[in-house]
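This is data_13.cif (mmCIF, C-alpha atoms).
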data_query
loop_
_atom_site.label_atom_id
_atom_site.label_comp_id
_atom_site.auth_asym_id
_atom_site.auth_seq_id
_atom_site.Cartn_x
_atom_site.Cartn_y
_atom_site.Cartn_z
CA MET A 1 -16.00 -41.96 46.52
CA LYS A 2 -18.22 -44.91 45.72
CA ILE A 3 -17.45 -48.57 45.06
CA ASP A 4 -17.99 -49.75 41.48
CA VAL A 5 -19.06 -53.37 41.10
CA ILE A 6 -18.40 -56.03 38.48
CA LEU A 7 -20.36 -59.27 38.54
CA GLY A 8 -21.74 -62.03 36.34
CA LEU A 9 -25.30 -62.06 35.04
CA GLN A 10 -25.67 -65.74 34.13
CA TRP A 11 -24.69 -69.05 35.78
CA GLY A 12 -21.05 -68.07 36.27
CA ASP A 13 -18.03 -68.41 33.97
CA GLU A 14 -18.93 -65.19 32.16
CA GLY A 15 -15.36 -63.85 32.01
CA LYS A 16 -15.43 -61.50 35.00
CA GLY A 17 -11.76 -62.00 35.87
CA LYS A 18 -10.61 -60.89 32.45
CA ILE A 19 -12.70 -57.72 32.63
CA VAL A 20 -11.47 -56.94 36.14
CA ASP A 21 -7.94 -57.18 34.78
CA VAL A 22 -8.88 -54.81 31.92
CA LEU A 23 -10.59 -52.30 34.22
CA THR A 24 -8.01 -52.43 37.02
CA PRO A 25 -5.91 -49.50 35.69
CA ARG A 26 -8.88 -47.21 36.50
CA TYR A 27 -8.91 -48.19 40.20
CA ASP A 28 -6.69 -48.06 43.27
CA ILE A 29 -8.15 -51.13 45.01
CA ILE A 30 -9.70 -54.39 43.76
CA ALA A 31 -11.76 -56.26 46.39
CA ARG A 32 -13.35 -59.73 46.25
CA PHE A 33 -16.59 -59.68 48.22
CA GLN A 34 -17.95 -63.27 48.22
CA GLY A 35 -17.40 -66.87 47.21
CA GLY A 36 -14.36 -69.04 47.60
CA PRO A 37 -12.17 -71.42 45.60
CA ASN A 38 -15.23 -72.70 43.75
CA ALA A 39 -14.65 -69.64 41.54
CA GLY A 40 -12.25 -69.79 38.62
CA HIS A 41 -11.25 -66.50 37.04
CA THR A 42 -9.18 -67.07 33.90
CA ILE A 43 -6.96 -64.31 32.54
CA ILE A 44 -4.79 -64.62 29.44
CA ILE A 45 -1.90 -62.16 29.22
CA ASN A 46 0.35 -62.25 26.16
CA GLY A 47 -0.85 -65.76 25.40
CA VAL A 48 -0.16 -67.08 28.92
CA LYS A 49 -3.13 -68.46 30.86
CA HIS A 50 -3.56 -67.64 34.56
CA VAL A 51 -6.36 -69.01 36.77
CA LEU A 52 -7.33 -67.42 40.09
CA HIS A 53 -9.72 -68.95 42.62
CA THR A 54 -9.47 -66.71 45.69
CA ILE A 55 -7.09 -63.83 44.94
CA PRO A 56 -8.67 -60.77 43.23
CA SER A 57 -8.03 -60.45 39.51
CA GLY A 58 -6.25 -57.13 39.92
CA ILE A 59 -3.20 -58.94 41.28
CA PHE A 60 -1.44 -58.79 37.90
CA ARG A 61 -1.05 -55.01 38.29
CA PRO A 62 1.59 -54.74 41.05
CA GLU A 63 0.83 -51.09 41.73
CA LYS A 64 -2.78 -51.90 42.71
CA THR A 65 -3.99 -53.06 46.13
CA ASN A 66 -6.04 -56.28 46.25
CA LEU A 67 -8.30 -57.18 49.17
CA ILE A 68 -9.91 -60.52 49.98
CA GLY A 69 -13.00 -59.33 51.84
CA ASN A 70 -14.82 -60.75 54.82
CA GLY A 71 -17.52 -62.30 52.61
CA VAL A 72 -14.97 -64.63 51.01
CA ILE A 73 -14.19 -68.08 52.43
CA ILE A 74 -10.58 -69.19 52.19
CA ASP A 75 -8.87 -72.56 51.94
CA PRO A 76 -5.24 -71.72 52.85
CA PHE A 77 -3.88 -74.68 50.88
CA ILE A 78 -5.59 -73.51 47.67
CA LEU A 79 -4.70 -69.88 48.40
CA PHE A 80 -0.99 -70.67 48.46
CA GLN A 81 -1.24 -72.80 45.34
CA GLU A 82 -2.32 -69.54 43.67
CA VAL A 83 0.41 -67.54 45.40
CA ASP A 84 3.06 -70.01 44.24
CA ALA A 85 1.72 -69.96 40.67
CA LEU A 86 1.96 -66.16 40.70
CA HIS A 87 5.56 -66.43 41.93
CA ARG A 88 6.35 -68.68 38.95
CA ALA A 89 4.86 -65.99 36.71
CA GLY A 90 7.32 -63.47 38.15
CA LEU A 91 4.92 -61.72 40.55
CA THR A 92 5.14 -61.16 44.31
CA PRO A 93 1.50 -61.07 45.42
CA GLU A 94 2.40 -60.67 49.10
CA GLU A 95 3.34 -57.08 48.32
CA ASN A 96 -0.13 -55.95 47.18
CA LEU A 97 -2.50 -58.48 48.78
CA LEU A 98 -4.57 -57.83 51.92
CA ILE A 99 -6.92 -60.25 53.69
CA SER A 100 -9.82 -59.39 55.96
CA GLU A 101 -9.49 -60.84 59.43
CA ARG A 102 -13.22 -61.61 59.31
CA ALA A 103 -13.05 -63.92 56.27
CA HIS A 104 -13.93 -67.51 57.18
CA LEU A 105 -11.70 -70.56 56.79
CA ILE A 106 -12.47 -73.71 54.81
CA LEU A 107 -11.17 -76.67 56.80
CA PRO A 108 -10.09 -79.96 55.19
CA THR A 109 -13.10 -81.61 56.83
CA HIS A 110 -15.40 -79.04 55.18
CA ARG A 111 -14.27 -80.55 51.88
CA LEU A 112 -14.81 -84.11 53.13
CA LEU A 113 -18.27 -83.17 54.40
CA ASP A 114 -19.09 -81.56 51.05
CA ALA A 115 -18.22 -84.81 49.27
CA ALA A 116 -20.15 -86.92 51.78
CA LEU A 117 -23.32 -84.83 51.50
CA GLU A 118 -23.15 -84.83 47.70
CA TRP A 119 -22.61 -88.60 47.70
CA GLN A 120 -25.59 -89.04 50.02
CA LYS A 121 -27.89 -87.15 47.62
CA GLY A 122 -27.25 -89.65 44.81
CA ILE A 123 -29.01 -88.66 41.59
CA GLY A 124 -30.43 -85.59 43.33
CA LYS A 125 -26.99 -84.07 43.85
CA ILE A 126 -26.51 -80.32 43.43
CA GLY A 127 -23.36 -80.52 41.33
CA SER A 128 -21.03 -79.11 43.98
CA THR A 129 -17.42 -78.25 43.10
CA LEU A 130 -16.51 -80.22 46.27
CA LYS A 131 -14.35 -77.37 47.56
CA GLY A 132 -16.16 -77.25 50.91
CA ILE A 133 -18.09 -74.10 50.09
CA GLY A 134 -21.54 -75.12 51.33
CA PRO A 135 -20.35 -76.67 54.63
CA ALA A 136 -18.08 -73.66 55.33
CA TYR A 137 -20.92 -71.19 54.82
CA THR A 138 -23.19 -73.46 56.90
CA ASP A 139 -20.75 -73.19 59.81
CA LYS A 140 -20.49 -69.45 59.27
CA TYR A 141 -24.22 -68.89 59.53
CA GLY A 142 -24.55 -71.56 62.23
CA ARG A 143 -22.00 -69.55 64.25
CA ASN A 144 -19.51 -72.41 64.40
CA GLY A 145 -16.96 -71.20 61.87
CA LEU A 146 -13.32 -70.22 62.25
CA ARG A 147 -12.11 -66.93 60.81
CA ILE A 148 -8.75 -65.72 59.58
CA GLY A 149 -8.31 -63.65 62.74
CA ASN A 150 -8.57 -66.82 64.84
CA ILE A 151 -5.29 -68.20 63.49
CA PHE A 152 -3.39 -65.67 65.63
CA GLN A 153 -5.06 -66.83 68.85
CA GLU A 154 -3.57 -69.38 71.27
CA ARG A 155 -6.75 -71.48 71.30
CA PHE A 156 -6.82 -71.89 67.50
CA ASP A 157 -5.64 -75.52 67.45
CA ALA A 158 -8.21 -76.51 70.07
CA SER A 159 -10.99 -74.73 68.19
CA TYR A 160 -9.88 -76.42 64.97
CA ASN A 161 -9.91 -79.90 66.51
CA GLN A 162 -13.33 -79.34 68.06
CA LEU A 163 -14.84 -78.33 64.72
CA LYS A 164 -13.00 -81.13 62.92
CA GLU A 165 -14.51 -83.77 65.23
CA ARG A 166 -17.96 -82.32 64.71
CA HIS A 167 -17.48 -82.67 60.94
CA LEU A 168 -16.15 -86.23 61.17
CA GLU A 169 -19.16 -87.22 63.23
CA GLN A 170 -21.47 -85.85 60.53
CA ILE A 171 -19.50 -87.61 57.79
CA ARG A 172 -19.60 -90.97 59.58
CA ALA A 173 -23.37 -90.63 59.89
CA THR A 174 -23.70 -90.54 56.08
CA GLY A 175 -21.78 -93.80 55.63
CA PHE A 176 -19.30 -92.09 53.28
CA ASP A 177 -15.79 -93.64 53.25
CA PHE A 178 -13.79 -90.47 53.76
CA THR A 179 -10.55 -92.42 54.32
CA ALA A 180 -10.52 -93.37 50.63
CA HIS A 181 -11.52 -89.94 49.35
CA LEU A 182 -8.81 -87.76 47.82
CA LEU A 183 -8.59 -83.99 48.18
CA ASP A 184 -6.72 -82.64 45.15
CA GLY A 185 -5.00 -86.02 44.92
CA LEU A 186 -4.13 -86.18 48.62
CA HIS A 187 -5.56 -88.29 51.44
CA HIS A 188 -7.07 -86.33 54.29
CA GLU A 189 -4.10 -86.63 56.62
CA GLU A 190 -1.65 -85.34 54.01
CA TYR A 191 -4.03 -82.56 52.93
CA GLU A 192 -4.45 -81.51 56.58
CA LYS A 193 -0.66 -81.41 57.01
CA ARG A 194 -0.31 -79.17 53.94
CA TRP A 195 -3.23 -77.07 55.17
CA PHE A 196 -1.47 -76.32 58.47
CA GLU A 197 1.75 -75.50 56.63
CA SER A 198 -0.32 -72.98 54.65
CA ILE A 199 -1.73 -71.57 57.90
CA GLN A 200 1.85 -70.84 58.96
CA ARG A 201 2.42 -68.96 55.70
CA LEU A 202 -0.91 -67.17 56.05
CA ARG A 203 0.19 -65.71 59.39
CA LYS A 204 2.92 -63.82 57.50
CA LEU A 205 0.52 -62.09 55.09
CA ARG A 206 -1.11 -58.74 55.79
CA VAL A 207 -4.32 -59.54 57.66
CA ILE A 208 -6.36 -56.43 58.39
CA PRO A 209 -9.81 -55.19 59.47
CA GLY A 210 -11.08 -55.07 55.90
CA GLU A 211 -14.21 -53.04 56.59
CA GLN A 212 -12.15 -50.28 58.20
CA PHE A 213 -9.65 -50.31 55.35
CA ILE A 214 -12.29 -50.03 52.61
CA ASN A 215 -14.28 -47.26 54.30
CA ASN A 216 -11.17 -45.28 55.19
CA SER A 217 -9.88 -45.65 51.63
CA LEU A 218 -13.16 -44.34 50.21
CA ASP A 219 -13.05 -41.40 52.64
CA LYS A 220 -9.57 -40.58 51.31
CA GLY A 221 -10.81 -40.54 47.72
CA LYS A 222 -9.46 -43.94 46.69
CA SER A 223 -11.29 -45.72 43.86
CA VAL A 224 -12.48 -49.28 44.52
CA LEU A 225 -13.74 -52.04 42.22
CA ALA A 226 -15.64 -54.87 43.93
CA GLU A 227 -15.21 -58.21 42.18
CA GLY A 228 -17.89 -60.90 42.40
CA ALA A 229 -17.54 -64.64 41.88
CA GLN A 230 -19.96 -67.17 40.35
CA GLY A 231 -23.01 -65.54 38.68
CA THR A 232 -26.34 -63.94 39.55
CA MET A 233 -28.33 -67.05 38.64
CA LEU A 234 -26.38 -68.91 41.35
CA ASP A 235 -27.30 -66.44 44.11
CA VAL A 236 -28.54 -68.31 47.19
CA ASP A 237 -31.69 -66.15 47.44
CA PHE A 238 -32.53 -65.24 43.84
CA GLY A 239 -30.87 -67.92 41.71
CA SER A 240 -32.23 -71.24 40.45
CA TYR A 241 -32.53 -72.63 43.99
CA PRO A 242 -31.53 -75.20 45.24
CA TYR A 243 -28.97 -75.48 42.43
CA VAL A 244 -27.08 -72.42 43.62
CA THR A 245 -23.99 -71.44 45.57
CA SER A 246 -24.12 -70.59 49.28
CA SER A 247 -23.60 -66.83 49.16
CA ASN A 248 -25.11 -63.68 47.70
CA THR A 249 -23.52 -63.16 44.30
CA ILE A 250 -25.47 -59.97 43.51
CA THR A 251 -24.70 -56.29 44.15
CA ALA A 252 -26.31 -56.44 47.59
CA GLY A 253 -23.59 -58.92 48.60
CA VAL A 254 -20.99 -56.14 48.29
CA CYS A 255 -22.38 -54.44 51.39
CA SER A 256 -22.18 -57.50 53.63
CA GLY A 257 -19.09 -58.91 51.90
CA LEU A 258 -16.93 -55.80 52.35
CA GLY A 259 -18.63 -53.95 55.19
CA VAL A 260 -19.95 -50.90 53.36
CA SER A 261 -23.33 -49.19 53.38
CA PRO A 262 -25.63 -49.27 50.30
CA HIS A 263 -25.14 -45.57 49.58
CA ARG A 264 -21.48 -46.27 48.82
CA ILE A 265 -22.31 -48.41 45.76
CA GLY A 266 -21.47 -46.68 42.48
CA LYS A 267 -21.52 -48.01 38.91
CA VAL A 268 -22.46 -51.65 38.32
CA PHE A 269 -20.90 -53.52 35.40
CA GLY A 270 -22.78 -56.66 34.33
CA VAL A 271 -20.81 -59.31 32.45
CA PHE A 272 -22.52 -61.88 30.22
CA LYS A 273 -21.56 -64.30 27.49
CA ALA A 274 -22.94 -63.98 23.95
CA TYR A 275 -24.50 -67.38 24.72
CA CYS A 276 -25.14 -69.28 27.98
CA THR A 277 -23.32 -71.97 29.93
CA ARG A 278 -23.85 -73.79 33.18
CA VAL A 279 -21.76 -76.23 35.24
CA GLY A 280 -23.35 -78.95 37.35
CA SER A 281 -27.00 -79.76 37.91
CA GLY A 282 -30.02 -77.50 37.75
CA PRO A 283 -32.46 -76.02 35.22
CA PHE A 284 -31.11 -74.47 32.04
CA PRO A 285 -33.97 -73.44 29.69
CA THR A 286 -31.89 -72.80 26.54
CA GLU A 287 -29.53 -75.75 26.87
CA LEU A 288 -28.61 -77.45 23.59
CA HIS A 289 -28.25 -81.24 23.55
CA ASP A 290 -27.11 -81.41 19.93
CA ALA A 291 -24.22 -80.67 17.62
CA GLN A 292 -24.69 -76.93 18.08
CA GLY A 293 -24.25 -77.30 21.84
CA ASP A 294 -21.08 -79.34 21.23
CA LYS A 295 -19.85 -76.67 18.82
CA LEU A 296 -20.28 -73.97 21.48
CA ARG A 297 -18.49 -76.11 24.05
CA VAL A 298 -15.50 -76.81 21.83
CA GLY A 299 -15.32 -73.33 20.32
CA GLY A 300 -15.55 -71.66 23.72
CA ASN A 301 -13.32 -74.20 25.48
CA GLU A 302 -16.17 -74.62 27.93
CA PHE A 303 -14.58 -76.72 30.60
CA GLY A 304 -14.61 -75.56 34.22
CA SER A 305 -11.42 -73.77 35.30
CA THR A 306 -12.02 -75.03 38.85
CA THR A 307 -13.36 -78.56 38.23
CA GLY A 308 -12.43 -79.29 34.62
CA ARG A 309 -16.01 -80.47 34.04
CA PRO A 310 -17.54 -79.85 30.61
CA ARG A 311 -20.01 -76.97 30.76
CA ARG A 312 -23.54 -77.27 29.49
CA CYS A 313 -24.08 -74.83 26.61
CA GLY A 314 -27.06 -73.06 25.04
CA TRP A 315 -28.36 -69.89 23.43
CA ILE A 316 -28.58 -66.58 25.26
CA ASP A 317 -31.59 -66.26 27.58
CA ILE A 318 -33.12 -62.75 27.62
CA PRO A 319 -35.68 -63.30 30.46
CA ALA A 320 -32.88 -64.52 32.75
CA LEU A 321 -30.63 -61.64 31.65
CA LYS A 322 -33.33 -59.03 32.32
CA TYR A 323 -33.96 -60.57 35.74
CA SER A 324 -30.26 -60.34 36.62
CA ILE A 325 -30.05 -56.74 35.43
CA MET A 326 -33.01 -55.85 37.65
CA LEU A 327 -31.55 -57.53 40.75
CA ASN A 328 -28.16 -55.90 40.38
CA GLY A 329 -29.07 -52.40 39.22
CA VAL A 330 -26.73 -52.81 36.25
CA ASP A 331 -25.59 -49.61 34.51
CA SER A 332 -23.34 -51.04 31.83
CA LEU A 333 -23.23 -54.38 30.00
CA ILE A 334 -20.11 -56.22 28.86
CA MET A 335 -20.50 -59.07 26.33
CA MET A 336 -17.90 -61.83 26.38
CA LYS A 337 -16.86 -64.65 24.04
CA THR A 338 -18.48 -63.03 21.04
CA ASP A 339 -15.99 -64.82 18.80
CA VAL A 340 -17.36 -68.24 19.79
CA LEU A 341 -20.39 -67.48 17.58
CA ASN A 342 -18.20 -66.71 14.54
CA ASP A 343 -19.06 -69.88 12.62
CA PHE A 344 -22.83 -69.99 13.14
CA ALA A 345 -24.96 -69.25 10.07
CA GLU A 346 -27.91 -68.49 12.37
CA ILE A 347 -27.99 -67.49 16.02
CA LYS A 348 -31.00 -67.91 18.29
CA ILE A 349 -32.07 -65.65 21.15
CA ALA A 350 -34.63 -66.78 23.75
CA THR A 351 -36.94 -63.80 24.32
CA ALA A 352 -39.66 -65.51 26.38
CA TYR A 353 -40.85 -68.86 27.79
CA ARG A 354 -43.93 -70.87 26.87
CA ASN A 355 -45.69 -72.56 29.78
CA ASN A 356 -48.95 -74.49 29.30
CA GLY A 357 -49.80 -72.44 26.23
CA LEU A 358 -49.00 -69.09 27.84
CA VAL A 359 -46.01 -66.91 26.96
CA THR A 360 -44.11 -65.00 29.63
CA ASP A 361 -40.90 -62.97 29.65
CA ARG A 362 -40.57 -63.18 33.44
CA PHE A 363 -38.06 -65.47 35.08
CA PRO A 364 -40.15 -67.99 37.07
CA PHE A 365 -39.94 -69.07 40.69
CA ASP A 366 -39.16 -72.70 39.84
CA LEU A 367 -38.05 -73.73 36.36
CA GLU A 368 -38.22 -77.40 37.31
CA ALA A 369 -41.76 -77.45 38.65
CA GLU A 370 -43.39 -76.88 35.25
CA PRO A 371 -42.27 -77.24 31.62
CA PHE A 372 -40.90 -73.91 30.40
CA GLU A 373 -40.04 -73.96 26.71
CA PRO A 374 -37.95 -71.10 25.30
CA PHE A 375 -39.48 -68.91 22.59
CA TYR A 376 -36.72 -68.06 20.11
CA VAL A 377 -36.00 -65.29 17.65
CA THR A 378 -33.46 -66.21 14.95
CA LEU A 379 -30.89 -63.72 13.66
CA PRO A 380 -28.30 -64.18 10.90
CA GLY A 381 -24.77 -64.98 12.06
CA TRP A 382 -21.74 -63.03 10.89
CA ASN A 383 -19.96 -66.14 9.61
CA THR A 384 -16.50 -64.65 9.75
CA SER A 385 -13.52 -64.67 12.09
CA LEU A 386 -12.97 -61.76 14.48
CA ASP A 387 -9.36 -62.74 15.20
CA SER A 388 -7.86 -59.89 13.21
CA THR A 389 -10.25 -57.28 14.58
CA THR A 390 -8.34 -54.31 15.98
CA CYS A 391 -11.34 -52.04 16.55
CA LEU A 392 -15.08 -52.55 16.57
CA GLU A 393 -15.57 -50.45 13.45
CA GLU A 394 -14.08 -53.40 11.54
CA ALA A 395 -16.70 -55.86 12.85
CA PRO A 396 -19.44 -57.22 10.53
CA GLN A 397 -22.88 -55.64 10.50
CA ALA A 398 -24.55 -58.89 11.59
CA LEU A 399 -22.66 -58.64 14.88
CA PHE A 400 -23.95 -55.11 15.45
CA GLN A 401 -27.46 -56.33 14.63
CA TYR A 402 -27.09 -59.01 17.32
CA ILE A 403 -25.85 -56.46 19.86
CA ARG A 404 -28.61 -53.96 19.08
CA PHE A 405 -31.27 -56.65 19.43
CA ILE A 406 -30.00 -57.52 22.93
CA GLU A 407 -29.84 -53.83 23.89
CA GLN A 408 -33.43 -53.27 22.81
CA GLU A 409 -34.64 -56.32 24.70
CA VAL A 410 -32.97 -55.40 28.00
CA ASN A 411 -33.09 -51.60 27.58
CA LEU A 412 -29.44 -51.16 28.48
CA PRO A 413 -26.29 -50.46 26.45
CA VAL A 414 -23.58 -53.01 25.71
CA ASP A 415 -20.53 -50.83 26.33
CA MET A 416 -17.72 -53.39 26.01
CA ILE A 417 -17.25 -56.46 23.85
CA SER A 418 -14.66 -59.25 24.01
CA VAL A 419 -13.78 -60.88 20.67
CA GLY A 420 -10.99 -63.19 21.84
CA PRO A 421 -9.26 -64.68 24.90
CA ASP A 422 -6.49 -62.11 25.43
CA ARG A 423 -6.83 -58.94 27.52
CA SER A 424 -6.03 -56.96 24.34
CA GLN A 425 -9.16 -58.29 22.60
CA VAL A 426 -11.66 -56.26 24.64
CA PHE A 427 -13.10 -53.18 22.94
CA SER A 428 -15.24 -50.32 24.21
CA ARG A 429 -18.07 -49.06 22.04
CA LYS A 430 -20.51 -46.22 22.00
CA SER A 431 -24.01 -47.67 22.25
CA GLY A 432 -26.55 -46.96 19.58
#

What would the structure in this file look like if it were written as C-alpha cells?
Amino acid sequence: MKIDVILGLQWGDEGKGKIVDVLTPRYDIIARFQGGPNAGHTIIINGVKHVLHTIPSGIFRPEKTNLIGNGVIIDPFILFQEVDALHRAGLTPEENLLISERAHLILPTHRLLDAALEWQKGIGKIGSTLKGIGPAYTDKYGRNGLRIGNIFQERFDASYNQLKERHLEQIRATGFDFTAHLLDGLHHEEYEKRWFESIQRLRKLRVIPGEQFINNSLDKGKSVLAEGAQGTMLDVDFGSYPYVTSSNTITAGVCSGLGVSPHRIGKVFGVFKAYCTRVGSGPFPTELHDAQGDKLRVGGNEFGSTTGRPRRCGWIDIPALKYSIMLNGVDSLIMMKTDVLNDFAEIKIATAYRNNGLVTDRFPFDLEAEPFEPFYVTLPGWNTSLDSTTCLEEAPQALFQYIRFIEQEVNLPVDMISVGPDRSQVFSRKSG
C-alpha cells in the first residue's frame, strides 16, 4: 500500500481539515506529518463547528486511527484543550489517537521567545501566530529540543529546566518584558503549571514509534491518508520566504514527517480556495484593498481559526497555483469555498505577472524585490446562491466555465468542489 496525501496549495486556510473529514471513510489511518498548533482545521458537522490545531481531522470517525507524526511539534496544554473540547462533543479521542515518540515539544518559553523575537523585529515582523513554532523548530534543528519520548525519562525535569533557562537568557537579551506577556490569557508561571499538568495527562496517551507503526501498517495493507498543515506557499524552502512557517508543508515533508520512503507516496490531493487568502505579513500579488476584498472576507468568514486575525483576501493566483502543483506532484484538485463567490457579477483570475514591462507565468524567487503586477482575465460570475445545491448538475453554467478555465490553465482536473461550510456540501465531479 501507498500513503495518499492531502495538503494546501495556497497560503494556508484552504479547508484541508474539512476534506480530510470527508475522505476519512476511505482510509484506515489519518496521520499529521508537520506543523503544530499554528494550524487551525475547521470542520462543521451538522451545523456544529469544531476546530483542531494538533489532532488529525479524522478524529471525528471513532473507528479510524489517528497518528500525530514525528514531524509535528506539540504543545501539551493546547493538545488537551482540543481533547477536552472533543470530550464535550461526545467523543473519546484517547481511544483512537496515537502520538509519535519522536515528535518535539513546544515549551512555554518557546512561546515567550516567539513573542520576544517578533517584538524585536518591529515593523519587519513575520506575522507569527506566537504559538512557539519557529523557536521549537529552531531547537529541533539545533539539536537542543525535547521530544515526547523524553517525558518518560527520569532526567526530563532537569532537561526542561536547562532549556528553559537558555530561552529566558535569549528573551532577556531582547529587552522584551516577558513577565507582563500573557499566553492564552495566562501569565508564564500559570501557563507553565498547566503545561506540566498536561504532561502528566500526555503520559497516559498511547505514545509509539510512529515510523514503525506506519510502515508496518502499510505492509499489512492498511490505507493511510497523510494530512498537512498550513499551505505550500508557506513552505520553509519553497514558499514566500522569509514570510513562511518553519517546516516543509509539501509532499516531500511526508517522508521526513512520518518516516516513510518516497516510493510509498501514492495519490496527492491538492486543496485550494476559489479565491486566495493570507494571514500575517508577506507578499500577496492578488490582494484586494477595496470593497471586493472586504466582501470576500465577510462572505468567507475569513478570520484565523488559530489567531482570530482577519485574513487578507484576493483573487485566485494561477502562477502560484501551478507552482504548488509542480512542487507537490498533485494528481487531483479540490476547490473550496466556491459559494463565497456567489454574489460577484464578475470574477477575476490572475494568469500571469507583469514585471518591468515583461509578462511571466512563473512564480518568482522574491515577490518583494521587484514590482510584480497581476495580469487578470475576467469571467462572468454566476450571481446565484448555491445553498440549495444537492448535486453539481444543478449548478449554474458560469460556475462550470470558471472551473474549466482553471483546469485548462493548470492542466489538471478539479475533482471535488465545496459549495458550503458543512461536510455534506462537498461534491465529486467528473472532469471535462

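Every residue that the PyMOL selection byres ((chain A and resi 411) around 12) selects in this file is listed here: Ile318, Leu321, Lys322, Ile325, Met326, Val330, Asp331, Ser332, Leu333, Ile403, Arg404, Phe405, Ile406, Glu407, Gln408, Glu409, Val410, Leu412, Pro413, Val414, Ser431 and Gly432 of chain A.
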
field: A:Phe60, A:Ile19, A:Gln120, A:Leu98 ranked by distance to Ser428 of chain A, top pick (using all atoms listed in the file)
entry: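 Result for the nearest residue to Ser428 of chain A: A:Ile19.
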
query: Taking all atoms listed in the file into account, which of A:Cys276, A:Met233, A:Ile214, A:Leu9 comes nearest Gly300 of chain A?
result: A:Cys276

Which polymer residues, protein or nucleic acid, are no farther than 12 Å from (-37.4, -73.7, 31.5), counting all atoms listed in the file, as a PDB file with C-alpha atoms, keeping the file's coordinate frame?
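Contents of part.pdb, as written:
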ATOM      1  CA  SER A 240     -32.230 -71.240  40.450  1.00  0.00           C
ATOM      2  CA  GLY A 282     -30.020 -77.500  37.750  1.00  0.00           C
ATOM      3  CA  PRO A 283     -32.460 -76.020  35.220  1.00  0.00           C
ATOM      4  CA  PHE A 284     -31.110 -74.470  32.040  1.00  0.00           C
ATOM      5  CA  PRO A 285     -33.970 -73.440  29.690  1.00  0.00           C
ATOM      6  CA  THR A 286     -31.890 -72.800  26.540  1.00  0.00           C
ATOM      7  CA  GLU A 287     -29.530 -75.750  26.870  1.00  0.00           C
ATOM      8  CA  ASP A 317     -31.590 -66.260  27.580  1.00  0.00           C
ATOM      9  CA  PRO A 319     -35.680 -63.300  30.460  1.00  0.00           C
ATOM     10  CA  ALA A 320     -32.880 -64.520  32.750  1.00  0.00           C
ATOM     11  CA  ALA A 350     -34.630 -66.780  23.750  1.00  0.00           C
ATOM     12  CA  ALA A 352     -39.660 -65.510  26.380  1.00  0.00           C
ATOM     13  CA  TYR A 353     -40.850 -68.860  27.790  1.00  0.00           C
ATOM     14  CA  ARG A 354     -43.930 -70.870  26.870  1.00  0.00           C
ATOM     15  CA  ASN A 355     -45.690 -72.560  29.780  1.00  0.00           C
ATOM     16  CA  ASN A 356     -48.950 -74.490  29.300  1.00  0.00           C
ATOM     17  CA  VAL A 359     -46.010 -66.910  26.960  1.00  0.00           C
ATOM     18  CA  THR A 360     -44.110 -65.000  29.630  1.00  0.00           C
ATOM     19  CA  ASP A 361     -40.900 -62.970  29.650  1.00  0.00           C
ATOM     20  CA  ARG A 362     -40.570 -63.180  33.440  1.00  0.00           C
ATOM     21  CA  PHE A 363     -38.060 -65.470  35.080  1.00  0.00           C
ATOM     22  CA  PRO A 364     -40.150 -67.990  37.070  1.00  0.00           C
ATOM     23  CA  PHE A 365     -39.940 -69.070  40.690  1.00  0.00           C
ATOM     24  CA  ASP A 366     -39.160 -72.700  39.840  1.00  0.00           C
ATOM     25  CA  LEU A 367     -38.050 -73.730  36.360  1.00  0.00           C
ATOM     26  CA  GLU A 368     -38.220 -77.400  37.310  1.00  0.00           C
ATOM     27  CA  ALA A 369     -41.760 -77.450  38.650  1.00  0.00           C
ATOM     28  CA  GLU A 370     -43.390 -76.880  35.250  1.00  0.00           C
ATOM     29  CA  PRO A 371     -42.270 -77.240  31.620  1.00  0.00           C
ATOM     30  CA  PHE A 372     -40.900 -73.910  30.400  1.00  0.00           C
ATOM     31  CA  GLU A 373     -40.040 -73.960  26.710  1.00  0.00           C
ATOM     32  CA  PRO A 374     -37.950 -71.100  25.300  1.00  0.00           C
ATOM     33  CA  PHE A 375     -39.480 -68.910  22.590  1.00  0.00           C
TER      34      PHE A 375
END

- request: Could you jot down the atom CA of Gln170 of chain A to atom CA of Pro135 of chain A separation for me, Å, one decimal place?
  value: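 Computing the Euclidean distance for atom CA of Gln170 of chain A and atom CA of Pro135 of chain A yields 11.0 Å.
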
If you count all atoms listed in the file, which residues fall within 8 Å of Gly259 of chain A, apart from same-chain ones fewer than 4 positions away, as a PDB file with C-alpha atoms, keeping the file's coordinate frame?
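part.pdb was written with the following content:
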ATOM      1  CA  ASN A  70     -14.820 -60.750  54.820  1.00  0.00           C
ATOM      2  CA  GLY A 210     -11.080 -55.070  55.900  1.00  0.00           C
ATOM      3  CA  GLU A 211     -14.210 -53.040  56.590  1.00  0.00           C
ATOM      4  CA  ILE A 214     -12.290 -50.030  52.610  1.00  0.00           C
ATOM      5  CA  VAL A 254     -20.990 -56.140  48.290  1.00  0.00           C
ATOM      6  CA  CYS A 255     -22.380 -54.440  51.390  1.00  0.00           C
TER       7      CYS A 255
END

message: From the options A:Asn144, A:Thr378, A:Gln10, A:Ser198, which residue's atoms come nearest to Tyr160 of chain A, counting all atoms listed in the file?
response: A:Asn144

- request: Run through the PyMOL selection byres ((chain A and resi 108-116) around 9) on the given coordinates and return the selected residues as a PyMOL selection string.
  value: chain A and resi 75+106-107+117-121+128-136+163-165+167-168+170-172+174-178+181-183+188+191-192+195

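Once Ala395 of chain A and its same-chain neighbours fewer than 5 positions away are set aside, Trp382, Thr384, Ser385, Leu386, Ser388, Thr389, Thr390, Phe400 and Val419 of chain A remain within 10 Å of it when counting all atoms listed in the file.
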
Filtering to C-alpha atoms, could you give me those residues as a tab-separated table (two decimals), in the frame of the given file?
chain	number	residue	atom	x	y	z
A	382	TRP	CA	-21.74	-63.03	10.89
A	384	THR	CA	-16.50	-64.65	9.75
A	385	SER	CA	-13.52	-64.67	12.09
A	386	LEU	CA	-12.97	-61.76	14.48
A	388	SER	CA	-7.86	-59.89	13.21
A	389	THR	CA	-10.25	-57.28	14.58
A	390	THR	CA	-8.34	-54.31	15.98
A	400	PHE	CA	-23.95	-55.11	15.45
A	419	VAL	CA	-13.78	-60.88	20.67

field: Interatomic distance, atom CA of Asp21 of chain A to atom CA of Ile199 of chain A (Å, one decimal)
entry: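 Atom CA of Ile199 of chain A lies at a distance of 27.9 Å from atom CA of Asp21 of chain A.
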